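Have a look at data.cif; it's mmCIF, C-alpha atoms:
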```cif
data_work
#
loop_
_atom_site.label_atom_id
_atom_site.label_comp_id
_atom_site.auth_asym_id
_atom_site.auth_seq_id
_atom_site.Cartn_x
_atom_site.Cartn_y
_atom_site.Cartn_z
CA MET Y 1 0.00 0.00 0.00
CA ASP Y 2 1.21 3.48 -0.84
CA GLU Y 3 1.10 5.47 2.42
CA LYS Y 4 -0.04 8.54 0.48
CA TRP Y 5 -3.15 6.84 -0.94
CA GLN Y 6 -6.42 8.58 -0.17
CA PHE Y 7 -9.34 6.79 1.49
CA ALA Y 8 -11.09 5.76 -1.73
CA THR Y 9 -7.92 4.25 -3.16
CA ARG Y 10 -7.20 2.35 0.04
CA ALA Y 11 -10.79 1.06 0.11
CA VAL Y 12 -10.45 -0.32 -3.40
CA GLN Y 13 -6.80 -1.39 -3.57
CA THR Y 14 -5.53 -2.51 -0.16
CA GLY Y 15 -5.53 -6.04 1.18
CA TYR Y 16 -4.92 -7.93 -2.04
CA THR Y 17 -2.33 -7.40 -4.78
CA PRO Y 18 -2.64 -9.94 -7.60
CA GLY Y 19 0.51 -11.33 -9.14
CA ASN Y 20 1.16 -11.89 -12.82
CA GLY Y 21 -1.68 -14.00 -14.19
CA ALA Y 22 -3.46 -14.17 -10.81
CA PRO Y 23 -7.19 -13.43 -10.33
CA ARG Y 24 -7.89 -9.69 -10.42
CA ILE Y 25 -10.58 -10.04 -7.73
CA THR Y 26 -9.86 -11.46 -4.28
CA PRO Y 27 -10.36 -15.24 -4.51
CA ILE Y 28 -12.65 -17.02 -2.07
CA VAL Y 29 -10.42 -19.58 -0.41
CA GLN Y 30 -13.20 -21.86 0.78
CA SER Y 31 -10.88 -24.40 2.34
CA THR Y 32 -10.51 -25.51 5.93
CA THR Y 33 -6.95 -26.71 5.47
CA PHE Y 34 -3.71 -26.02 3.61
CA LYS Y 35 -1.15 -28.46 2.23
CA TYR Y 36 2.55 -28.46 3.17
CA ASP Y 37 5.49 -30.55 1.96
CA ASP Y 38 7.20 -31.08 5.31
CA ALA Y 39 6.21 -31.43 8.95
CA GLN Y 40 8.49 -28.66 10.24
CA SER Y 41 6.70 -26.02 8.18
CA VAL Y 42 3.43 -26.88 9.92
CA ALA Y 43 5.11 -27.09 13.34
CA ASP Y 44 6.51 -23.57 12.88
CA LEU Y 45 3.04 -22.30 12.00
CA PHE Y 46 1.56 -23.88 15.11
CA ASP Y 47 4.26 -22.25 17.24
CA LEU Y 48 3.61 -18.86 15.59
CA LYS Y 49 7.22 -18.73 14.42
CA THR Y 50 6.26 -18.07 10.79
CA PRO Y 51 3.22 -16.37 9.22
CA GLY Y 52 0.89 -18.37 7.05
CA PHE Y 53 -2.19 -20.52 7.02
CA PHE Y 54 -2.77 -24.03 8.31
CA TYR Y 55 -6.40 -24.09 9.47
CA SER Y 56 -9.13 -21.57 8.68
CA ARG Y 57 -10.30 -21.39 12.28
CA LEU Y 58 -7.26 -19.21 12.97
CA ALA Y 59 -6.52 -17.54 9.66
CA ASN Y 60 -7.60 -17.69 6.04
CA PRO Y 61 -6.29 -15.85 2.94
CA THR Y 62 -9.68 -14.34 2.04
CA VAL Y 63 -10.35 -13.22 5.60
CA GLU Y 64 -6.85 -11.73 5.76
CA VAL Y 65 -7.63 -9.48 2.79
CA LEU Y 66 -10.53 -7.93 4.71
CA GLU Y 67 -8.43 -7.58 7.85
CA LYS Y 68 -5.68 -5.72 6.02
CA LYS Y 69 -8.19 -3.47 4.28
CA ILE Y 70 -9.98 -2.43 7.48
CA ALA Y 71 -6.69 -1.89 9.31
CA ALA Y 72 -5.58 0.40 6.50
CA LEU Y 73 -8.83 2.38 6.53
CA GLU Y 74 -8.79 2.86 10.32
CA GLY Y 75 -5.09 3.63 10.44
CA GLY Y 76 -4.19 0.59 12.53
CA VAL Y 77 -1.36 -1.91 12.34
CA ALA Y 78 -3.50 -5.06 12.36
CA ALA Y 79 -7.07 -6.33 12.48
CA VAL Y 80 -8.82 -9.57 13.38
CA ALA Y 81 -12.09 -10.48 11.67
CA VAL Y 82 -14.55 -12.49 13.75
CA SER Y 83 -17.98 -14.07 13.49
CA SER Y 84 -20.11 -11.08 14.56
CA GLY Y 85 -20.06 -7.60 16.03
CA GLN Y 86 -20.99 -9.06 19.41
CA THR Y 87 -17.96 -11.34 19.19
CA ALA Y 88 -15.76 -8.34 18.39
CA SER Y 89 -16.99 -6.47 21.49
CA ALA Y 90 -16.67 -9.52 23.74
CA LEU Y 91 -13.18 -10.50 22.63
CA ALA Y 92 -11.88 -6.93 22.70
CA ILE Y 93 -12.71 -6.93 26.42
CA LEU Y 94 -11.69 -10.49 27.26
CA ASN Y 95 -8.34 -10.02 25.54
CA VAL Y 96 -7.35 -7.46 28.19
CA CYS Y 97 -9.61 -8.21 31.14
CA THR Y 98 -9.48 -11.55 32.90
CA CYS Y 99 -11.73 -12.93 35.65
CA GLY Y 100 -11.77 -10.47 38.54
CA GLY Y 101 -11.24 -7.49 36.26
CA HIS Y 102 -13.35 -4.40 35.75
CA VAL Y 103 -14.39 -2.29 32.75
CA VAL Y 104 -15.97 1.15 32.49
CA ALA Y 105 -18.42 1.44 29.59
CA SER Y 106 -20.87 3.91 28.15
CA ALA Y 107 -24.49 3.35 29.17
CA GLY Y 108 -25.58 4.30 25.66
CA LEU Y 109 -24.34 1.15 23.98
CA TYR Y 110 -26.38 -1.02 21.63
CA GLY Y 111 -28.81 -3.10 23.71
CA GLY Y 112 -27.14 -6.39 22.86
CA THR Y 113 -23.77 -5.03 23.97
CA THR Y 114 -25.25 -3.70 27.21
CA ALA Y 115 -26.74 -7.13 27.91
CA LEU Y 116 -23.39 -8.77 27.09
CA PHE Y 117 -21.48 -6.44 29.41
CA GLY Y 118 -24.03 -6.32 32.22
CA ASN Y 119 -24.98 -10.00 32.32
CA THR Y 120 -22.78 -12.43 30.40
CA LEU Y 121 -19.40 -10.89 31.23
CA LYS Y 122 -20.48 -10.69 34.87
CA LYS Y 123 -20.99 -14.47 34.85
CA MET Y 124 -17.43 -14.76 33.55
CA GLY Y 125 -16.06 -12.72 36.46
CA VAL Y 126 -15.72 -9.40 34.63
CA GLU Y 127 -17.65 -6.53 36.17
CA VAL Y 128 -18.73 -3.52 34.12
CA SER Y 129 -19.67 -0.07 35.44
CA PHE Y 130 -21.69 2.19 33.18
CA VAL Y 131 -21.29 5.95 32.76
CA PRO Y 132 -23.37 8.38 30.67
CA PRO Y 133 -22.49 8.29 26.96
CA ALA Y 134 -21.67 12.01 27.10
CA ALA Y 135 -19.46 11.57 30.18
CA LYS Y 136 -16.42 13.76 30.69
CA ARG Y 137 -13.04 12.67 32.04
CA GLU Y 138 -13.89 13.20 35.71
CA THR Y 139 -17.04 11.09 35.51
CA VAL Y 140 -15.22 8.27 33.74
CA LEU Y 141 -12.34 8.34 36.23
CA ALA Y 142 -14.76 8.31 39.17
CA ALA Y 143 -16.12 4.99 37.90
CA CYS Y 144 -12.66 3.45 37.54
CA ARG Y 145 -11.09 1.11 40.08
CA ASP Y 146 -7.68 -0.37 40.76
CA ASN Y 147 -8.70 -3.44 38.72
CA THR Y 148 -10.09 -1.48 35.76
CA ARG Y 149 -8.53 -2.84 32.59
CA ALA Y 150 -10.38 -1.04 29.77
CA ILE Y 151 -12.75 1.79 28.94
CA PHE Y 152 -15.34 1.11 26.23
CA THR Y 153 -17.64 3.45 24.31
CA GLU Y 154 -19.36 3.85 20.95
CA THR Y 155 -18.43 6.76 18.71
CA LEU Y 156 -22.12 7.27 17.98
CA SER Y 157 -24.55 5.52 20.31
CA ASN Y 158 -27.33 3.26 19.08
CA PRO Y 159 -30.13 4.42 18.92
CA ALA Y 160 -29.88 7.63 20.99
CA LEU Y 161 -27.19 9.00 18.63
CA VAL Y 162 -25.09 10.58 21.37
CA VAL Y 163 -21.60 11.47 20.16
CA ALA Y 164 -18.95 10.30 22.61
CA ASP Y 165 -16.42 12.94 23.57
CA LEU Y 166 -13.59 10.64 22.54
CA GLU Y 167 -10.79 12.88 23.79
CA GLU Y 168 -12.35 12.92 27.26
CA PHE Y 169 -12.67 9.13 27.36
CA ALA Y 170 -9.13 8.81 26.01
CA ALA Y 171 -7.76 11.19 28.63
CA ALA Y 172 -9.28 9.06 31.38
CA ALA Y 173 -7.92 5.86 29.84
CA ASN Y 174 -4.47 7.39 29.43
CA GLN Y 175 -4.41 8.59 33.05
CA ILE Y 176 -4.91 5.08 34.42
CA ARG Y 177 -2.91 3.43 31.59
CA VAL Y 178 -5.63 1.22 30.13
CA PRO Y 179 -6.79 0.99 26.50
CA LEU Y 180 -9.76 2.95 25.22
CA ILE Y 181 -11.85 0.62 23.05
CA VAL Y 182 -14.24 2.35 20.65
CA ASP Y 183 -17.06 0.75 18.70
CA ASN Y 184 -16.97 2.71 15.44
CA THR Y 185 -19.80 0.84 13.68
CA PHE Y 186 -22.19 3.70 12.96
CA PRO Y 187 -19.68 6.23 11.56
CA SER Y 188 -17.50 3.63 9.79
CA PRO Y 189 -13.86 4.54 9.04
CA PHE Y 190 -15.11 6.93 6.35
CA LEU Y 191 -16.66 9.32 8.87
CA CYS Y 192 -14.39 8.88 11.89
CA ASN Y 193 -11.04 7.38 12.85
CA PRO Y 194 -11.06 7.04 16.66
CA PHE Y 195 -7.30 6.39 16.68
CA GLU Y 196 -6.85 10.06 15.86
CA PHE Y 197 -8.52 10.95 19.18
CA GLY Y 198 -6.74 8.55 21.50
CA ALA Y 199 -8.38 5.16 21.07
CA ALA Y 200 -6.12 2.10 21.32
CA ILE Y 201 -8.58 -0.44 19.88
CA VAL Y 202 -11.49 -0.03 17.44
CA THR Y 203 -14.29 -2.53 16.92
CA HIS Y 204 -16.91 -2.86 14.21
CA SER Y 205 -20.00 -4.84 13.56
CA SER Y 206 -19.04 -5.35 9.94
CA THR Y 207 -22.60 -6.55 9.40
CA LYS Y 208 -23.53 -2.87 9.14
CA TYR Y 209 -21.94 -0.23 6.90
CA LEU Y 210 -18.78 -2.18 6.08
CA ASP Y 211 -20.88 -4.85 4.38
CA GLY Y 212 -23.58 -2.37 3.46
CA HIS Y 213 -25.88 -4.86 1.74
CA ALA Y 214 -27.25 -6.91 4.66
CA THR Y 215 -25.70 -10.13 3.42
CA SER Y 216 -22.98 -11.03 5.93
CA VAL Y 217 -22.80 -11.14 9.72
CA GLY Y 218 -19.34 -10.35 11.04
CA GLY Y 219 -17.12 -8.21 13.23
CA VAL Y 220 -13.65 -6.70 13.14
CA VAL Y 221 -11.24 -5.66 15.92
CA VAL Y 222 -8.50 -3.21 14.90
CA GLU Y 223 -5.33 -2.44 16.84
CA LYS Y 224 -3.65 0.96 16.62
CA GLY Y 225 -0.31 -0.47 17.66
CA ASP Y 226 1.17 2.06 20.08
CA PHE Y 227 -0.34 1.11 23.44
CA ASP Y 228 2.18 0.47 26.24
CA TRP Y 229 1.35 -2.93 27.75
CA SER Y 230 4.27 -2.81 30.20
CA SER Y 231 2.52 -1.04 33.09
CA GLY Y 232 2.16 -4.30 35.02
CA LYS Y 233 -1.61 -4.37 34.56
CA PHE Y 234 -1.39 -6.72 31.60
CA PRO Y 235 1.01 -9.55 32.46
CA GLU Y 236 -0.65 -11.80 29.88
CA PHE Y 237 1.02 -9.64 27.21
CA THR Y 238 4.45 -9.34 28.82
CA GLU Y 239 4.90 -12.73 30.49
CA PRO Y 240 5.36 -16.13 28.80
CA ASP Y 241 2.30 -17.88 27.36
CA GLU Y 242 2.86 -21.50 28.30
CA SER Y 243 0.32 -22.67 25.71
CA TYR Y 244 2.86 -21.47 23.11
CA HIS Y 245 6.03 -22.72 24.79
CA GLY Y 246 6.76 -19.47 26.58
CA LEU Y 247 6.08 -17.04 23.75
CA ILE Y 248 5.82 -13.40 24.89
CA TYR Y 249 3.40 -11.31 22.83
CA THR Y 250 5.07 -7.94 23.35
CA LYS Y 251 8.40 -9.50 22.37
CA ASN Y 252 7.46 -11.90 19.58
CA PHE Y 253 4.80 -9.60 18.10
CA ALA Y 254 6.06 -6.18 19.11
CA ALA Y 255 4.11 -4.34 16.41
CA SER Y 256 0.72 -5.93 17.12
CA PRO Y 257 0.66 -7.90 20.39
CA PHE Y 258 -3.06 -7.33 20.98
CA SER Y 259 -4.08 -8.82 17.63
CA ALA Y 260 -1.63 -11.71 17.90
CA LYS Y 261 -2.92 -12.64 21.34
CA MET Y 262 -6.57 -12.38 20.28
CA ARG Y 263 -6.02 -14.68 17.33
CA ALA Y 264 -3.71 -17.13 19.11
CA GLN Y 265 -5.82 -17.49 22.23
CA TRP Y 266 -9.42 -16.45 21.75
CA ILE Y 267 -10.02 -17.30 18.10
CA ARG Y 268 -8.11 -20.54 18.57
CA ASP Y 269 -9.98 -21.60 21.71
CA LEU Y 270 -13.50 -20.30 21.06
CA GLY Y 271 -13.51 -20.96 17.32
CA VAL Y 272 -15.19 -17.70 16.23
CA PRO Y 273 -13.51 -16.61 12.97
CA MET Y 274 -15.30 -14.90 10.13
CA SER Y 275 -16.09 -17.27 7.30
CA PRO Y 276 -14.21 -16.81 4.00
CA PHE Y 277 -17.41 -16.22 2.05
CA ASN Y 278 -18.64 -13.55 4.49
CA ALA Y 279 -15.21 -11.93 4.36
CA PHE Y 280 -15.36 -11.90 0.56
CA LEU Y 281 -18.79 -10.24 0.53
CA THR Y 282 -17.82 -7.77 3.23
CA GLN Y 283 -14.61 -6.67 1.55
CA MET Y 284 -16.57 -6.11 -1.67
CA GLY Y 285 -18.90 -3.87 0.32
CA VAL Y 286 -15.96 -1.96 1.78
CA GLU Y 287 -14.74 -1.20 -1.75
CA THR Y 288 -17.74 1.13 -2.20
CA LEU Y 289 -17.87 2.53 1.35
CA HIS Y 290 -16.59 5.92 0.19
CA LEU Y 291 -19.43 6.10 -2.34
CA ARG Y 292 -22.22 4.89 -0.08
CA MET Y 293 -21.57 6.85 3.10
CA PRO Y 294 -21.98 10.36 1.61
CA ARG Y 295 -25.38 9.33 0.19
CA HIS Y 296 -26.46 7.81 3.51
CA CYS Y 297 -25.51 11.07 5.26
CA GLN Y 298 -27.22 13.22 2.64
CA ASN Y 299 -30.46 11.25 2.73
CA ALA Y 300 -30.54 11.03 6.53
CA LEU Y 301 -30.06 14.76 6.96
CA ALA Y 302 -32.79 15.51 4.43
CA LEU Y 303 -35.24 13.17 6.17
CA ALA Y 304 -34.29 14.61 9.57
CA GLU Y 305 -34.97 18.14 8.31
CA TYR Y 306 -38.35 17.03 6.92
CA LEU Y 307 -39.39 15.29 10.14
CA ALA Y 308 -38.22 18.19 12.32
CA LYS Y 309 -40.76 20.45 10.56
CA HIS Y 310 -43.63 17.96 10.59
CA PRO Y 311 -46.47 18.95 12.97
CA LYS Y 312 -47.06 15.34 14.07
CA VAL Y 313 -43.42 14.71 15.06
CA GLY Y 314 -42.45 15.50 18.64
CA TYR Y 315 -38.67 15.33 18.31
CA VAL Y 316 -35.89 14.27 15.96
CA LYS Y 317 -32.39 13.10 16.89
CA TYR Y 318 -29.70 13.38 14.23
CA PRO Y 319 -26.23 14.67 15.12
CA PHE Y 320 -25.74 16.81 12.00
CA LEU Y 321 -29.16 18.47 12.28
CA PRO Y 322 -28.50 22.11 13.21
CA GLY Y 323 -29.74 22.69 16.73
CA ASP Y 324 -29.31 19.07 17.76
CA SER Y 325 -27.72 18.67 21.19
CA GLN Y 326 -24.89 16.66 19.58
CA TYR Y 327 -24.22 19.05 16.72
CA GLU Y 328 -21.00 20.62 18.01
CA LEU Y 329 -19.44 17.31 19.09
CA ALA Y 330 -20.49 15.76 15.79
CA LYS Y 331 -18.68 18.49 13.88
CA LYS Y 332 -15.59 17.89 16.02
CA TYR Y 333 -15.37 14.12 15.63
CA LEU Y 334 -17.36 13.16 12.53
CA ARG Y 335 -17.14 13.94 8.84
CA GLY Y 336 -20.85 13.27 8.47
CA GLY Y 337 -23.83 12.24 10.59
CA SER Y 338 -24.12 8.67 9.27
CA GLY Y 339 -27.39 7.22 8.02
CA VAL Y 340 -29.32 6.56 11.23
CA LEU Y 341 -31.78 8.93 12.90
CA SER Y 342 -34.39 8.64 15.65
CA PHE Y 343 -37.68 10.42 16.13
CA GLY Y 344 -40.84 10.34 18.20
CA VAL Y 345 -44.41 10.78 17.01
CA LYS Y 346 -46.81 12.98 18.97
CA GLY Y 347 -49.31 10.65 20.55
CA GLY Y 348 -46.73 8.34 22.01
CA LYS Y 349 -46.08 4.67 21.49
CA GLU Y 350 -49.40 3.82 19.80
CA ALA Y 351 -49.08 6.67 17.31
CA GLY Y 352 -45.55 5.53 16.58
CA LYS Y 353 -46.78 2.00 16.01
CA THR Y 354 -49.29 3.31 13.49
CA VAL Y 355 -46.52 5.07 11.58
CA LEU Y 356 -44.31 1.98 11.59
CA ASN Y 357 -47.13 -0.27 10.39
CA SER Y 358 -48.02 2.18 7.61
CA LEU Y 359 -44.57 2.42 6.02
CA LYS Y 360 -44.36 0.86 2.57
CA LEU Y 361 -40.92 1.62 1.12
CA ALA Y 362 -39.20 1.41 4.51
CA ALA Y 363 -39.31 -2.07 6.00
CA ILE Y 364 -39.65 -2.99 9.66
CA ALA Y 365 -36.37 -4.86 10.09
CA VAL Y 366 -33.96 -5.69 12.91
CA HIS Y 367 -31.05 -4.08 11.17
CA VAL Y 368 -29.38 -0.79 10.34
CA ALA Y 369 -26.78 0.49 7.94
CA ASP Y 370 -27.48 -1.15 4.63
CA LEU Y 371 -28.64 0.32 1.35
CA ARG Y 372 -32.37 -0.25 2.01
CA THR Y 373 -34.32 2.02 4.35
CA CYS Y 374 -35.68 0.31 7.43
CA ALA Y 375 -37.24 1.31 10.74
CA LEU Y 376 -37.70 -0.24 14.18
CA HIS Y 377 -39.04 0.38 17.69
CA PRO Y 378 -35.92 -0.33 19.82
CA ALA Y 379 -37.59 -0.41 23.25
CA SER Y 380 -39.64 -3.47 22.27
CA THR Y 381 -37.00 -5.15 20.06
CA THR Y 382 -33.22 -4.59 20.11
CA HIS Y 383 -33.30 -3.14 23.66
CA ARG Y 384 -36.18 -5.14 25.13
CA GLN Y 385 -33.85 -7.02 27.54
CA LEU Y 386 -33.05 -3.76 29.32
CA SER Y 387 -34.85 -2.49 32.41
CA ASP Y 388 -36.72 0.84 32.37
CA ALA Y 389 -33.76 2.42 34.15
CA GLU Y 390 -31.31 0.99 31.62
CA LEU Y 391 -33.50 2.21 28.75
CA THR Y 392 -33.50 5.70 30.23
CA ALA Y 393 -29.72 5.62 30.67
CA ALA Y 394 -29.34 4.51 27.05
CA GLY Y 395 -31.58 7.34 25.84
CA VAL Y 396 -34.21 4.95 24.50
CA ALA Y 397 -37.60 6.59 25.02
CA PRO Y 398 -40.78 4.44 24.83
CA ASP Y 399 -41.89 6.29 21.70
CA LEU Y 400 -38.51 6.37 19.92
CA ILE Y 401 -38.45 5.09 16.35
CA ARG Y 402 -35.06 4.35 14.82
CA VAL Y 403 -34.69 4.81 11.08
CA SER Y 404 -31.78 3.54 9.02
CA VAL Y 405 -31.94 5.73 5.93
CA GLY Y 406 -30.94 3.89 2.79
CA LEU Y 407 -29.76 4.82 -0.67
CA GLU Y 408 -33.14 5.13 -2.38
CA ASP Y 409 -34.15 8.47 -3.87
CA ILE Y 410 -34.82 10.87 -1.01
CA VAL Y 411 -38.04 12.05 -2.68
CA ASP Y 412 -39.46 8.56 -2.34
CA ILE Y 413 -38.19 8.09 1.22
CA ILE Y 414 -39.83 11.32 2.38
CA ALA Y 415 -43.04 10.48 0.55
CA ASP Y 416 -43.21 7.16 2.40
CA PHE Y 417 -42.92 8.82 5.81
CA GLU Y 418 -45.37 11.52 4.75
CA GLN Y 419 -48.09 9.00 3.90
CA ALA Y 420 -47.38 7.04 7.09
CA LEU Y 421 -47.62 10.14 9.28
CA SER Y 422 -50.86 11.12 7.60
CA ARG Y 423 -52.49 8.06 9.18
CA VAL Y 424 -51.91 9.33 12.73
#
```
Written form, structure tokens:
Amino acid sequence: MDEKWQFATRAVQTGYTPGNGAPRITPIVQSTTFKYDDAQSVADLFDLKTPGFFYSRLANPTVEVLEKKIAALEGGVAAVAVSSGQTASALAILNVCTCGGHVVASAGLYGGTTALFGNTLKKMGVEVSFVPPAAKRETVLAACRDNTRAIFTETLSNPALVVADLEEFAAAANQIRVPLIVDNTFPSPFLCNPFEFGAAIVTHSSTKYLDGHATSVGGVVVEKGDFDWSSGKFPEFTEPDESYHGLIYTKNFAASPFSAKMRAQWIRDLGVPMSPFNAFLTQMGVETLHLRMPRHCQNALALAEYLAKHPKVGYVKYPFLPGDSQYELAKKYLRGGSGVLSFGVKGGKEAGKTVLNSLKLAAIAVHVADLRTCALHPASTTHRQLSDAELTAAGVAPDLIRVSVGLEDIVDIIADFEQALSRV
């Protein structure tokens, strides 16, 4: 990769360079295994002494193309592609926080992530304390403990659309020498690069904008590569790993110890890699990310402006809508507002249900961030596991409707919401 390449060129060109007479498009290596001529070659692969492929549970050539491409777009040194966005969030934490550890996380996370952090990780001995998504450094630090091993937030919360003050979260993480992990799913690398604001690790549900076509479930964890693991808080990085004959990640993989450890331990033991076919489809989606995201932003802003003026709409949340509470932070951290907005219909939950049931172009779907417009009532679906208090903390009002604005003509999108609102 040419270091001077712009985003669009990196999106199209990085990850795979065909040789003379090789396929122009990334091949799908749909193979579990790889053939070698001598036993020592395989032994060296198992011991992580040489790079390569021996079993697709750990690494695969097609999956590697996607990993290199996302690392290049985020500005990281390495990436690990996994089976889902939930897997990415879970392993990003477990890779640095063992049983008895503690994490500070934003309360505005996606409902599934909140359930993962508040329930499942707790059963594994990892406790999570939640702070407001708009928390400043002092609030984050007040929630930290001696055994805190990571701070986790979303760049843009789902579905409340609160913009995290990344520099504040990063300052807190830096003060106690733990990594800031940022879920950058909603902005995508096109609209924000959290590494520029102090993040050490970035995660994605690649199921969303990276894929962009609602075809492939997956996740990606990206490592910036400059975090100091030698504070004494992370001995698993600096002391010998006996499962690899005493290998030391910060020594043997000095450039990307976090990614090496995640792949060697967690992907190996839990068996949660991304499939080659999903990686192939996702990397094809990434090749048009720079074309899709501006249209998503343009359409979402236009719909937000329309809804904000509609007499039957009580409120609209979209970070790039002038007057929105997140507008100034959005301008600081984002290059666009992404394609998701939230709004409430006057008349409450029942009126909102009428609007949802009356949509024709926009589908009711448990998804966001693909090229087709869809809408959902989060409180009764994606966030239904949360208590009333947790819903309030996450900014999920009972009447909130989340809309993922697609790439259709904005005239038709607005017309669909106009006819649906007319039925209230």
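Residue selection for this entry, given the PyMOL selection byres ((chain Y and resi 116-124) around 9), comprises Gln86, Ser89, Ala90, Leu94, Thr98, Cys99, Gly100, Val103, Ala105, Gly111, Gly112, Thr113, Thr114, Ala115, Gly125, Val126, Glu127, Val128, Ser129 and Phe130 of chain Y.
The interatomic distance for the pair CA of Asp416 (chain Y) and CA of Thr207 (chain Y) works out to 25.7 Å.
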Subject >> Within 9 Å of file point (-34.2, 13.2, 16.6), counting only C-alpha atoms, expressed as JSON, numbers by chain >> reply: {"Y": [160, 161, 304, 307, 308, 314, 315, 316, 317, 318, 319, 321, 324, 341, 342, 343, 344, 400]}
Original post:
Using the chain letters and numbers from the file, which residues does the PyMOL selection byres ((chain Y and resi 188) around 12) grab, as a PyMOL selection string?
Top reply: chain Y and resi 70+73-74+154-156+182-187+189-194+202-212+220+286+289-290+292-294+296-297+334-339+369
Original post:
For the point (-7.3, -17.6, 12.6) in file coordinates, what residues are within 10 Å, counting only C-alpha atoms? Give the answer as a ChimeraX atom specification?
Top reply: /Y:52-61,63-64,80-82,260,262-268,271-274
Neighbour list for Phe237 (chain Y) as a tab-separated table (two decimals) with C-alpha atoms, in the frame of the given file, cut-off 9 Å, all atoms listed in the file, skip fewer than 6 positions in-chain:
```tsv
chain	number	residue	atom	x	y	z
Y	96	VAL	CA	-7.35	-7.46	28.19
Y	229	TRP	CA	1.35	-2.93	27.75
Y	230	SER	CA	4.27	-2.81	30.20
Y	248	ILE	CA	5.82	-13.40	24.89
Y	249	TYR	CA	3.40	-11.31	22.83
Y	250	THR	CA	5.07	-7.94	23.35
Y	251	LYS	CA	8.40	-9.50	22.37
Y	257	PRO	CA	0.66	-7.90	20.39
Y	258	PHE	CA	-3.06	-7.33	20.98
Y	261	LYS	CA	-2.92	-12.64	21.34
```
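Those residues returned by the PyMOL selection byres ((chain Y and resi 372) around 9) for this file are His213, Ala214, Leu361, Ala362, Ala363, Val368, Ala369, Asp370, Leu371, Thr373, Cys374, Ser404, Val405, Gly406, Leu407 and Glu408 of chain Y.
Restricting the calculation to all atoms listed in the file, the smallest distance between Gly108 (chain Y) and any of Y:Thr14, Y:Thr153, Y:Asn278, Y:Gln40 is found for Y:Thr153.
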Subject >> Among listed residues Y:Ala164, Y:Ile151, Y:Ala79, Y:Leu291, nearest Val12 (chain Y) (using all atoms listed in the file) >> reply: Y:Leu291
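Across the structure, CA of Ala92 (chain Y) and CA of Leu180 (chain Y) are spaced 10.4 Å apart.
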Subject >> Selection: 8 Å around Ile410 (chain Y), all atoms listed in the file, excl. self and same-chain fewer than 4 positions, as a list in words >> reply: Asn299, Ala302, Leu303 and Ile414 of chain Y
Create the file for the chosen residues now, containing C-alpha atoms and written as a short mmCIF file (atom, residue, chain, number, x, y, z; two decimals), in the frame of the given file.
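Writing done, so here's again-v9.cif:
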```cif
data_model
loop_
_atom_site.label_atom_id
_atom_site.label_comp_id
_atom_site.auth_asym_id
_atom_site.auth_seq_id
_atom_site.Cartn_x
_atom_site.Cartn_y
_atom_site.Cartn_z
CA ASN Y 299 -30.46 11.25 2.73
CA ALA Y 302 -32.79 15.51 4.43
CA LEU Y 303 -35.24 13.17 6.17
CA ILE Y 414 -39.83 11.32 2.38
#
```
